[in-house]
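Next up, work-v7.txt (compact mmCIF, C-alpha atoms and all ligand atoms):
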```txt
# COMPACT_ATOMS: atom_id res chain seq x y z
CA MET U 98 1.95 -26.23 22.12
CA LEU U 99 1.27 -26.20 18.40
CA THR U 100 2.97 -23.54 16.29
CA LEU U 101 0.70 -21.25 14.30
CA SER U 102 1.99 -22.60 10.99
CA LYS U 103 1.30 -26.20 12.03
CA THR U 104 -2.12 -25.22 13.30
CA ILE U 105 -3.05 -23.61 9.99
CA ALA U 106 -1.56 -26.47 7.94
CA ARG U 107 -3.58 -29.05 9.89
CA LEU U 108 -6.76 -27.02 9.63
CA LYS U 109 -6.27 -26.61 5.89
CA GLN U 110 -5.76 -30.33 5.50
CA HIS U 111 -8.93 -30.96 7.49
CA TYR U 112 -11.26 -28.33 5.98
CA GLY U 113 -9.67 -27.66 2.58
CA GLU U 114 -9.38 -24.18 1.05
CA PRO U 115 -11.15 -21.66 3.31
CA GLN U 116 -14.19 -19.80 1.98
CA ALA U 117 -14.15 -16.00 2.10
CA PRO U 118 -17.48 -14.10 2.38
CA PRO U 119 -19.19 -13.39 -0.96
CA ALA U 120 -18.68 -9.65 -0.40
CA HIS U 121 -16.17 -7.82 -2.58
CA GLY U 122 -14.43 -4.59 -1.69
CA PRO U 123 -14.75 -2.44 1.44
CA PHE U 124 -18.31 -1.20 0.83
CA GLU U 125 -19.78 -4.67 0.40
CA LEU U 126 -17.77 -5.96 3.37
CA VAL U 127 -19.09 -3.16 5.62
CA MET U 128 -22.62 -4.09 4.47
CA TRP U 129 -21.85 -7.78 5.08
CA GLU U 130 -20.92 -6.99 8.69
CA ASN U 131 -24.16 -5.04 9.12
CA ALA U 132 -26.51 -7.44 7.34
CA CYS U 133 -27.52 -9.40 10.46
CA TYR U 134 -27.30 -9.47 14.20
CA LEU U 135 -26.52 -12.74 16.05
CA LEU U 136 -27.74 -15.00 13.25
CA SER U 137 -26.13 -17.75 11.19
CA ASP U 138 -23.85 -17.23 8.20
CA GLU U 139 -26.64 -18.71 6.06
CA ARG U 140 -29.07 -15.99 7.16
CA ARG U 141 -26.42 -13.31 6.68
CA LEU U 142 -25.93 -14.56 3.14
CA GLU U 143 -29.68 -14.50 2.49
CA VAL U 144 -30.06 -10.88 3.66
CA PHE U 145 -26.91 -9.76 1.85
CA GLU U 146 -27.87 -11.35 -1.48
CA SER U 147 -31.44 -10.05 -1.18
CA LEU U 148 -30.02 -6.56 -0.76
CA ARG U 149 -27.90 -7.09 -3.86
CA LYS U 150 -30.89 -8.31 -5.88
CA LYS U 151 -33.67 -6.03 -4.65
CA VAL U 152 -31.76 -2.81 -3.92
CA GLY U 153 -28.21 -2.97 -5.29
CA LEU U 154 -25.08 -3.14 -3.17
CA ASN U 155 -23.89 0.38 -3.78
CA ALA U 156 -24.17 3.55 -1.74
CA ALA U 157 -26.49 5.47 -4.09
CA ALA U 158 -29.02 2.63 -4.37
CA ILE U 159 -29.15 1.99 -0.62
CA HIS U 160 -29.37 5.68 0.22
CA SER U 161 -32.37 6.21 -2.06
CA ALA U 162 -34.22 2.96 -1.26
CA SER U 163 -37.52 3.34 0.59
CA ASP U 164 -38.47 1.86 3.96
CA GLU U 165 -40.96 -0.38 2.13
CA VAL U 166 -38.05 -2.06 0.37
CA LEU U 167 -35.44 -2.03 3.15
CA LEU U 168 -37.50 -2.93 6.22
CA PRO U 169 -38.65 -6.40 5.12
CA LEU U 170 -35.02 -7.28 4.32
CA ALA U 171 -33.83 -5.88 7.64
CA ARG U 172 -36.44 -7.97 9.49
CA ARG U 173 -34.76 -11.12 8.12
CA GLY U 174 -31.55 -9.86 9.76
CA GLY U 175 -32.79 -10.24 13.33
CA MET U 176 -33.72 -7.93 16.18
CA ARG U 177 -34.25 -4.17 15.79
CA PRO U 178 -34.79 -3.98 12.01
CA GLU U 179 -35.40 -0.21 12.14
CA THR U 180 -31.92 0.30 13.62
CA ARG U 181 -30.48 -1.90 10.88
CA VAL U 182 -32.14 0.19 8.18
CA PHE U 183 -30.79 3.34 9.86
CA ARG U 184 -27.29 1.82 9.80
CA TRP U 185 -27.53 0.78 6.14
CA ARG U 186 -28.49 4.34 5.21
CA GLU U 187 -25.73 5.72 7.43
CA ILE U 188 -23.18 3.49 5.67
CA ALA U 189 -24.45 4.77 2.32
CA ARG U 190 -24.42 8.39 3.53
CA ILE U 191 -20.81 8.22 4.76
CA ALA U 192 -19.68 6.48 1.58
CA LEU U 193 -21.38 9.13 -0.58
CA THR U 194 -20.39 12.22 1.37
CA GLN U 195 -16.81 11.29 2.27
CA PHE U 196 -15.74 8.96 -0.52
CA SER U 197 -17.96 10.03 -3.45
CA GLY U 198 -19.62 6.64 -3.25
CA ASP U 199 -16.38 4.81 -4.02
CA LEU U 200 -15.07 3.15 -0.87
CA ASP U 201 -12.46 1.23 -2.88
CA SER U 202 -10.49 4.49 -2.86
CA ILE U 203 -9.42 3.83 0.75
CA LEU U 204 -7.37 0.85 -0.44
CA THR U 205 -4.86 3.24 -1.97
CA SER U 206 -4.29 4.94 1.42
CA PRO U 207 -1.62 3.90 3.96
CA TYR U 208 -2.83 1.08 6.22
CA LEU U 209 -3.58 3.16 9.34
CA GLN U 210 -5.46 5.76 7.33
CA ALA U 211 -7.56 3.09 5.62
CA LYS U 212 -8.34 1.53 9.00
CA LYS U 213 -9.39 4.89 10.43
CA ALA U 214 -11.68 5.47 7.44
CA LEU U 215 -13.44 2.13 7.99
CA LYS U 216 -13.94 2.74 11.69
CA GLN U 217 -16.33 5.59 10.85
CA PHE U 218 -18.90 3.03 9.76
CA PRO U 219 -21.45 1.46 12.13
CA ASN U 220 -20.33 -1.71 13.96
CA ILE U 221 -16.77 -1.51 12.63
CA GLY U 222 -14.16 -1.39 15.40
CA ASP U 223 -10.45 -2.18 15.24
CA PRO U 224 -10.72 -5.96 14.57
CA GLY U 225 -13.57 -5.41 12.08
CA ALA U 226 -11.64 -2.79 10.13
CA GLU U 227 -8.52 -4.99 10.13
CA LYS U 228 -10.55 -7.95 8.92
CA ILE U 229 -12.09 -5.96 6.05
CA LEU U 230 -8.66 -4.73 4.97
CA LEU U 231 -7.28 -8.26 5.20
CA LEU U 232 -10.06 -9.59 2.98
CA CYS U 233 -9.19 -6.80 0.53
CA GLY U 234 -5.54 -7.84 0.51
CA MET U 235 -4.12 -5.30 3.01
CA ALA U 236 -2.65 -6.79 6.18
CA SER U 237 -0.90 -5.72 9.32
CA GLY U 238 -1.25 -8.62 11.74
CA LEU U 239 -3.89 -11.29 12.24
CA PRO U 240 -7.35 -9.94 13.09
CA LEU U 241 -9.44 -12.48 14.99
CA GLU U 242 -13.15 -12.74 15.66
CA SER U 243 -14.48 -14.59 18.70
CA ASN U 244 -14.27 -18.10 17.19
CA GLY U 245 -10.67 -17.77 16.06
CA LEU U 246 -9.67 -16.18 19.34
CA ARG U 247 -11.21 -19.05 21.32
CA VAL U 248 -9.32 -21.66 19.26
CA LEU U 249 -5.97 -19.94 19.79
CA VAL U 250 -6.53 -19.47 23.53
CA ARG U 251 -7.40 -23.15 23.92
CA ILE U 252 -4.34 -24.24 22.00
CA GLY U 253 -2.26 -22.18 24.40
CA TRP U 254 -1.74 -18.69 22.91
CA GLY U 255 -2.15 -15.73 25.26
CA ARG U 256 -4.16 -16.04 28.44
CA LEU U 257 -7.84 -16.03 29.21
CA GLN U 258 -8.51 -12.72 31.00
CA LYS U 259 -11.59 -11.21 32.60
CA SER U 260 -12.41 -9.07 29.59
CA TYR U 261 -12.59 -10.05 25.92
CA GLY U 262 -10.36 -7.09 25.00
CA ALA U 263 -7.62 -8.11 27.44
CA THR U 264 -7.70 -11.73 26.19
CA TYR U 265 -7.53 -10.45 22.60
CA ARG U 266 -4.49 -8.30 23.39
CA SER U 267 -2.69 -11.11 25.22
CA VAL U 268 -3.10 -13.44 22.21
CA GLN U 269 -1.97 -10.71 19.82
CA ASP U 270 1.11 -10.00 21.99
CA ASP U 271 2.06 -13.68 21.87
CA LEU U 272 1.50 -13.92 18.12
CA LYS U 273 3.32 -10.74 17.15
CA PRO U 274 6.86 -12.16 16.79
CA ILE U 275 5.84 -15.19 14.74
CA LEU U 276 3.14 -13.93 12.40
CA PRO U 277 3.42 -14.53 8.68
CA THR U 278 3.66 -11.32 6.69
CA THR U 279 1.75 -11.99 3.48
CA ALA U 280 -1.89 -10.93 3.35
CA ASN U 281 -2.89 -14.19 1.70
CA THR U 282 -1.43 -16.40 4.45
CA LEU U 283 -2.96 -14.21 7.16
CA LYS U 284 -6.33 -14.28 5.40
CA GLU U 285 -6.19 -18.07 5.22
CA ALA U 286 -5.33 -18.23 8.95
CA HIS U 287 -8.21 -15.89 9.87
CA LEU U 288 -10.78 -17.85 7.85
CA LEU U 289 -9.64 -21.31 8.96
CA LEU U 290 -9.52 -20.40 12.65
CA ARG U 291 -13.03 -18.97 12.40
CA GLN U 292 -14.31 -22.06 10.62
CA HIS U 293 -12.73 -24.32 13.23
CA GLY U 294 -14.26 -22.35 16.12
CA LYS U 295 -17.70 -22.60 14.53
CA THR U 296 -17.42 -26.26 13.58
CA LEU U 297 -15.45 -28.31 16.13
CA CYS U 298 -13.93 -25.98 18.71
CA LYS U 299 -17.34 -24.67 19.76
CA GLU U 300 -17.73 -22.52 22.82
CA LYS U 301 -19.67 -25.17 24.71
CA ALA U 302 -18.53 -28.79 24.45
CA PRO U 303 -15.71 -28.65 21.88
CA LEU U 304 -15.46 -31.85 19.83
CA CYS U 305 -11.82 -32.60 20.71
CA ASP U 306 -12.05 -36.28 19.75
CA GLN U 307 -12.65 -35.23 16.11
CA CYS U 308 -10.15 -32.38 16.07
CA PRO U 309 -7.03 -32.28 13.89
CA LEU U 310 -5.36 -30.09 16.55
CA PHE U 311 -5.89 -32.55 19.38
CA LYS U 312 -2.18 -33.40 19.68
CA GLY U 313 -0.55 -30.24 20.93
CA CYS U 314 -3.66 -28.48 22.23
CA ASP U 315 -3.29 -27.37 25.87
CA TYR U 316 -7.02 -27.48 26.56
CA ALA U 317 -7.45 -31.01 25.17
CA GLU U 318 -4.42 -32.28 27.04
CA LYS U 319 -5.66 -30.84 30.35
CA ARG U 320 -9.12 -32.24 29.74
CA ALA U 321 -7.71 -35.71 28.96
CA ALA U 322 -5.48 -35.58 32.08
CA SER U 323 -8.37 -34.66 34.36
CA ALA U 324 -10.58 -37.39 32.84
CA PHE U 325 -7.72 -39.87 33.47
CA ARG U 326 -7.47 -38.78 37.13
CA LEU U 327 -11.19 -39.32 37.59
CA CYS U 328 -10.93 -42.91 36.28
S1 LIG X 1 -8.52 -30.18 20.63
FE1 LIG X 1 -10.48 -29.41 21.38
S2 LIG X 1 -10.03 -27.49 22.45
FE2 LIG X 1 -8.24 -28.04 21.19
S3 LIG X 1 -8.55 -26.93 19.28
FE3 LIG X 1 -9.41 -28.97 19.01
S4 LIG X 1 -11.59 -28.78 19.54
FE4 LIG X 1 -10.53 -26.97 20.33
```

For the file at hand, write its structure as structure tokens.
Ligand code: SF4
Amino acid sequence: MLTLSKTIARLKQHYGEPQAPPAHGPFELVMWENACYLLSDERRLEVFESLRKKVGLNAAAIHSASDEVLLPLARRGGMRPETRVFRWREIARIALTQFSGDLDSILTSPYLQAKKALKQFPNIGDPGAEKILLLCGMASGLPLESNGLRVLVRIGWGRLQKSYGATYRSVQDDLKPILPTTANTLKEAHLLLRQHGKTLCKEKAPLCDQCPLFKGCDYAEKRAASAFRLC
């Protein structure tokens, strides 16, 4: 099985420097997570940048914006736009009432406290809070979203379990002893694994014949062996 460092090195060689979201700081990253539901990164970017341009990506501006301004933007973000508008206002309300509108202040707290603060916001659970902190330069492990998790499971980390949460934990348990410690390396790993899961290692029909991880990937080796047996 491929080591994590080899995996990341090969992905970096294949894709180049990974691209982080265009959101800066915890407040923008919470808004980035809540911009869309089940839509492409391109659409997320459109909604997010429209919010920046037409409303302002800060708690006071979002809190005081009218439905007439927010609803059309929320409709571009997918199903249930009214719920999305409610969440945007809720994000702004929490930021204003608990952090005086300055969510950057959580970055001076100890890691666990900062994570707890982020989990108060809509749609931000443990992996989401860890990812936001990682993108802000604070790391304690390698947060994974579904694409990155799928890549690592296929390579051979952890075990596929009945529930997503159990699979996530089994991969994290396997990774724990070998993880890099610097936030920058972990951020690079998170972004490249996500990119790979969205580009080649797709959920249905992964494109193994084009994959830089082909040699050393458990899933690809098993697939090749079963194809050979069928010949
Ligand atoms: S070889 Fe196939 S299954 Fe393995 S990481 Fe690449 S695309 Fe995914």

* **10 Å shell around ligand LIG 1 (chain X) using all atoms listed in the file, listed as a count of residues only** => 38

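Taking atom CA of Leu246 of chain U and atom CA of Gly225 of chain U as endpoints, the distance between them is 13.6 Å.
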
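If you look at atom CA of Leu200 of chain U and atom CA of Pro123 of chain U, they are 6.1 Å away from each other.
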
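What separates atom CA of Ser243 of chain U from atom CA of Arg140 of chain U is a distance of 18.7 Å.
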
* Which residues, protein or nucleic acid, reach to within 12 Å of (-14.2, 2.5, 12.1) in the file's coordinates when using all atoms listed in the file, and can you give that as a PyMOL selection string? -> chain U and resi 123+127+188+191+209-230

* Near-His287 of chain U list (7 Å; all atoms listed in the file; drop same-chain fewer than 2 positions) as an MDAnalysis selection string -> chainID U and resid 239:241 245 283:285 289:291

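Proximity ranking of U:Asn244, U:Ser323, U:Ser102, U:Ser237 relative to Gln292 of chain U places U:Asn244 first, based on all atoms listed in the file.
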
* When distances are computed from only C-alpha atoms, which of U:Gly174, U:Pro277, U:Gly198, U:Gly113 shows the smallest separation from Leu154 of chain U? -> U:Gly198

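Distances to Asn281 of chain U were evaluated for U:Gly255, U:Gly175, U:Pro169, U:Pro115 using all atoms listed in the file, and the minimum falls at U:Pro115.
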
* Asked: U:Ser137, U:Asp270, U:Gly238, U:Lys259: which is nearest Thr282 of chain U, counting all atoms listed in the file?
  -> U:Gly238

Reconstruct N, CA and C atoms of segment 271-307 of chain U; output as a PDB file, in the coordinates of the input.
```
ATOM      1  N   ASP U 271       1.344 -12.414  22.059  1.00  0.00           N
ATOM      2  CA  ASP U 271       2.060 -13.680  21.870  1.00  0.00           C
ATOM      3  C   ASP U 271       2.347 -13.958  20.390  1.00  0.00           C
ATOM      4  N   LEU U 272       1.372 -13.595  19.548  1.00  0.00           N
ATOM      5  CA  LEU U 272       1.500 -13.920  18.120  1.00  0.00           C
ATOM      6  C   LEU U 272       2.489 -13.005  17.387  1.00  0.00           C
ATOM      7  N   LYS U 273       2.598 -11.780  17.880  1.00  0.00           N
ATOM      8  CA  LYS U 273       3.320 -10.740  17.150  1.00  0.00           C
ATOM      9  C   LYS U 273       4.668 -11.203  16.560  1.00  0.00           C
ATOM     10  N   PRO U 274       5.542 -11.844  17.354  1.00  0.00           N
ATOM     11  CA  PRO U 274       6.860 -12.160  16.790  1.00  0.00           C
ATOM     12  C   PRO U 274       6.856 -13.264  15.729  1.00  0.00           C
ATOM     13  N   ILE U 275       5.779 -14.028  15.649  1.00  0.00           N
ATOM     14  CA  ILE U 275       5.840 -15.190  14.740  1.00  0.00           C
ATOM     15  C   ILE U 275       4.834 -15.112  13.590  1.00  0.00           C
ATOM     16  N   LEU U 276       4.187 -13.986  13.434  1.00  0.00           N
ATOM     17  CA  LEU U 276       3.140 -13.930  12.400  1.00  0.00           C
ATOM     18  C   LEU U 276       3.715 -13.960  10.993  1.00  0.00           C
ATOM     19  N   PRO U 277       3.020 -14.649  10.091  1.00  0.00           N
ATOM     20  CA  PRO U 277       3.420 -14.530   8.680  1.00  0.00           C
ATOM     21  C   PRO U 277       3.174 -13.101   8.204  1.00  0.00           C
ATOM     22  N   THR U 278       3.798 -12.716   7.116  1.00  0.00           N
ATOM     23  CA  THR U 278       3.660 -11.320   6.690  1.00  0.00           C
ATOM     24  C   THR U 278       2.768 -11.152   5.462  1.00  0.00           C
ATOM     25  N   THR U 279       2.545 -12.215   4.699  1.00  0.00           N
ATOM     26  CA  THR U 279       1.750 -11.990   3.480  1.00  0.00           C
ATOM     27  C   THR U 279       0.266 -11.979   3.795  1.00  0.00           C
ATOM     28  N   ALA U 280      -0.440 -11.088   3.107  1.00  0.00           N
ATOM     29  CA  ALA U 280      -1.890 -10.930   3.350  1.00  0.00           C
ATOM     30  C   ALA U 280      -2.616 -12.239   3.072  1.00  0.00           C
ATOM     31  N   ASN U 281      -2.179 -12.962   2.058  1.00  0.00           N
ATOM     32  CA  ASN U 281      -2.890 -14.190   1.700  1.00  0.00           C
ATOM     33  C   ASN U 281      -2.795 -15.258   2.799  1.00  0.00           C
ATOM     34  N   THR U 282      -1.605 -15.405   3.379  1.00  0.00           N
ATOM     35  CA  THR U 282      -1.430 -16.400   4.450  1.00  0.00           C
ATOM     36  C   THR U 282      -2.220 -15.982   5.687  1.00  0.00           C
ATOM     37  N   LEU U 283      -2.214 -14.693   5.990  1.00  0.00           N
ATOM     38  CA  LEU U 283      -2.960 -14.210   7.160  1.00  0.00           C
ATOM     39  C   LEU U 283      -4.469 -14.369   6.946  1.00  0.00           C
ATOM     40  N   LYS U 284      -4.898 -14.133   5.718  1.00  0.00           N
ATOM     41  CA  LYS U 284      -6.330 -14.280   5.400  1.00  0.00           C
ATOM     42  C   LYS U 284      -6.758 -15.747   5.580  1.00  0.00           C
ATOM     43  N   GLU U 285      -5.916 -16.630   5.091  1.00  0.00           N
ATOM     44  CA  GLU U 285      -6.190 -18.070   5.220  1.00  0.00           C
ATOM     45  C   GLU U 285      -6.270 -18.451   6.708  1.00  0.00           C
ATOM     46  N   ALA U 286      -5.344 -17.923   7.509  1.00  0.00           N
ATOM     47  CA  ALA U 286      -5.330 -18.230   8.950  1.00  0.00           C
ATOM     48  C   ALA U 286      -6.604 -17.713   9.602  1.00  0.00           C
ATOM     49  N   HIS U 287      -6.987 -16.491   9.293  1.00  0.00           N
ATOM     50  CA  HIS U 287      -8.210 -15.890   9.870  1.00  0.00           C
ATOM     51  C   HIS U 287      -9.433 -16.750   9.551  1.00  0.00           C
ATOM     52  N   LEU U 288      -9.564 -17.117   8.283  1.00  0.00           N
ATOM     53  CA  LEU U 288     -10.780 -17.850   7.850  1.00  0.00           C
ATOM     54  C   LEU U 288     -10.816 -19.266   8.420  1.00  0.00           C
ATOM     55  N   LEU U 289      -9.661 -19.926   8.449  1.00  0.00           N
ATOM     56  CA  LEU U 289      -9.640 -21.310   8.960  1.00  0.00           C
ATOM     57  C   LEU U 289      -9.884 -21.358  10.465  1.00  0.00           C
ATOM     58  N   LEU U 290      -9.310 -20.421  11.192  1.00  0.00           N
ATOM     59  CA  LEU U 290      -9.520 -20.400  12.650  1.00  0.00           C
ATOM     60  C   LEU U 290     -10.999 -20.139  12.961  1.00  0.00           C
ATOM     61  N   ARG U 291     -11.596 -19.246  12.194  1.00  0.00           N
ATOM     62  CA  ARG U 291     -13.030 -18.970  12.400  1.00  0.00           C
ATOM     63  C   ARG U 291     -13.858 -20.223  12.110  1.00  0.00           C
ATOM     64  N   GLN U 292     -13.555 -20.858  10.990  1.00  0.00           N
ATOM     65  CA  GLN U 292     -14.310 -22.060  10.620  1.00  0.00           C
ATOM     66  C   GLN U 292     -14.171 -23.142  11.686  1.00  0.00           C
ATOM     67  N   HIS U 293     -12.958 -23.281  12.210  1.00  0.00           N
ATOM     68  CA  HIS U 293     -12.730 -24.320  13.230  1.00  0.00           C
ATOM     69  C   HIS U 293     -13.519 -24.012  14.508  1.00  0.00           C
ATOM     70  N   GLY U 294     -13.517 -22.738  14.909  1.00  0.00           N
ATOM     71  CA  GLY U 294     -14.260 -22.350  16.120  1.00  0.00           C
ATOM     72  C   GLY U 294     -15.758 -22.548  15.962  1.00  0.00           C
ATOM     73  N   LYS U 295     -16.263 -22.421  14.743  1.00  0.00           N
ATOM     74  CA  LYS U 295     -17.700 -22.600  14.530  1.00  0.00           C
ATOM     75  C   LYS U 295     -18.076 -24.061  14.335  1.00  0.00           C
ATOM     76  N   THR U 296     -17.092 -24.884  13.948  1.00  0.00           N
ATOM     77  CA  THR U 296     -17.420 -26.260  13.580  1.00  0.00           C
ATOM     78  C   THR U 296     -17.106 -27.270  14.688  1.00  0.00           C
ATOM     79  N   LEU U 297     -15.848 -27.307  15.126  1.00  0.00           N
ATOM     80  CA  LEU U 297     -15.450 -28.310  16.130  1.00  0.00           C
ATOM     81  C   LEU U 297     -15.095 -27.684  17.477  1.00  0.00           C
ATOM     82  N   CYS U 298     -14.378 -26.579  17.448  1.00  0.00           N
ATOM     83  CA  CYS U 298     -13.930 -25.980  18.710  1.00  0.00           C
ATOM     84  C   CYS U 298     -14.989 -24.996  19.202  1.00  0.00           C
ATOM     85  N   LYS U 299     -16.201 -25.520  19.383  1.00  0.00           N
ATOM     86  CA  LYS U 299     -17.340 -24.670  19.760  1.00  0.00           C
ATOM     87  C   LYS U 299     -17.165 -24.169  21.188  1.00  0.00           C
ATOM     88  N   GLU U 300     -17.880 -23.107  21.494  1.00  0.00           N
ATOM     89  CA  GLU U 300     -17.730 -22.520  22.820  1.00  0.00           C
ATOM     90  C   GLU U 300     -18.086 -23.542  23.905  1.00  0.00           C
ATOM     91  N   LYS U 301     -19.273 -24.145  23.741  1.00  0.00           N
ATOM     92  CA  LYS U 301     -19.670 -25.170  24.710  1.00  0.00           C
ATOM     93  C   LYS U 301     -19.379 -26.533  24.104  1.00  0.00           C
ATOM     94  N   ALA U 302     -18.797 -27.410  24.881  1.00  0.00           N
ATOM     95  CA  ALA U 302     -18.530 -28.790  24.450  1.00  0.00           C
ATOM     96  C   ALA U 302     -17.768 -28.892  23.132  1.00  0.00           C
ATOM     97  N   PRO U 303     -16.505 -28.473  23.105  1.00  0.00           N
ATOM     98  CA  PRO U 303     -15.710 -28.650  21.880  1.00  0.00           C
ATOM     99  C   PRO U 303     -15.535 -30.134  21.554  1.00  0.00           C
ATOM    100  N   LEU U 304     -15.522 -30.450  20.259  1.00  0.00           N
ATOM    101  CA  LEU U 304     -15.460 -31.850  19.830  1.00  0.00           C
ATOM    102  C   LEU U 304     -14.000 -32.272  19.647  1.00  0.00           C
ATOM    103  N   CYS U 305     -13.267 -32.364  20.764  1.00  0.00           N
ATOM    104  CA  CYS U 305     -11.820 -32.600  20.710  1.00  0.00           C
ATOM    105  C   CYS U 305     -11.485 -33.960  20.087  1.00  0.00           C
ATOM    106  N   ASP U 306     -12.363 -34.946  20.278  1.00  0.00           N
ATOM    107  CA  ASP U 306     -12.050 -36.280  19.750  1.00  0.00           C
ATOM    108  C   ASP U 306     -12.061 -36.309  18.214  1.00  0.00           C
ATOM    109  N   GLN U 307     -12.641 -35.283  17.583  1.00  0.00           N
ATOM    110  CA  GLN U 307     -12.650 -35.230  16.110  1.00  0.00           C
ATOM    111  C   GLN U 307     -11.669 -34.194  15.574  1.00  0.00           C
TER     112      GLN U 307
END
```
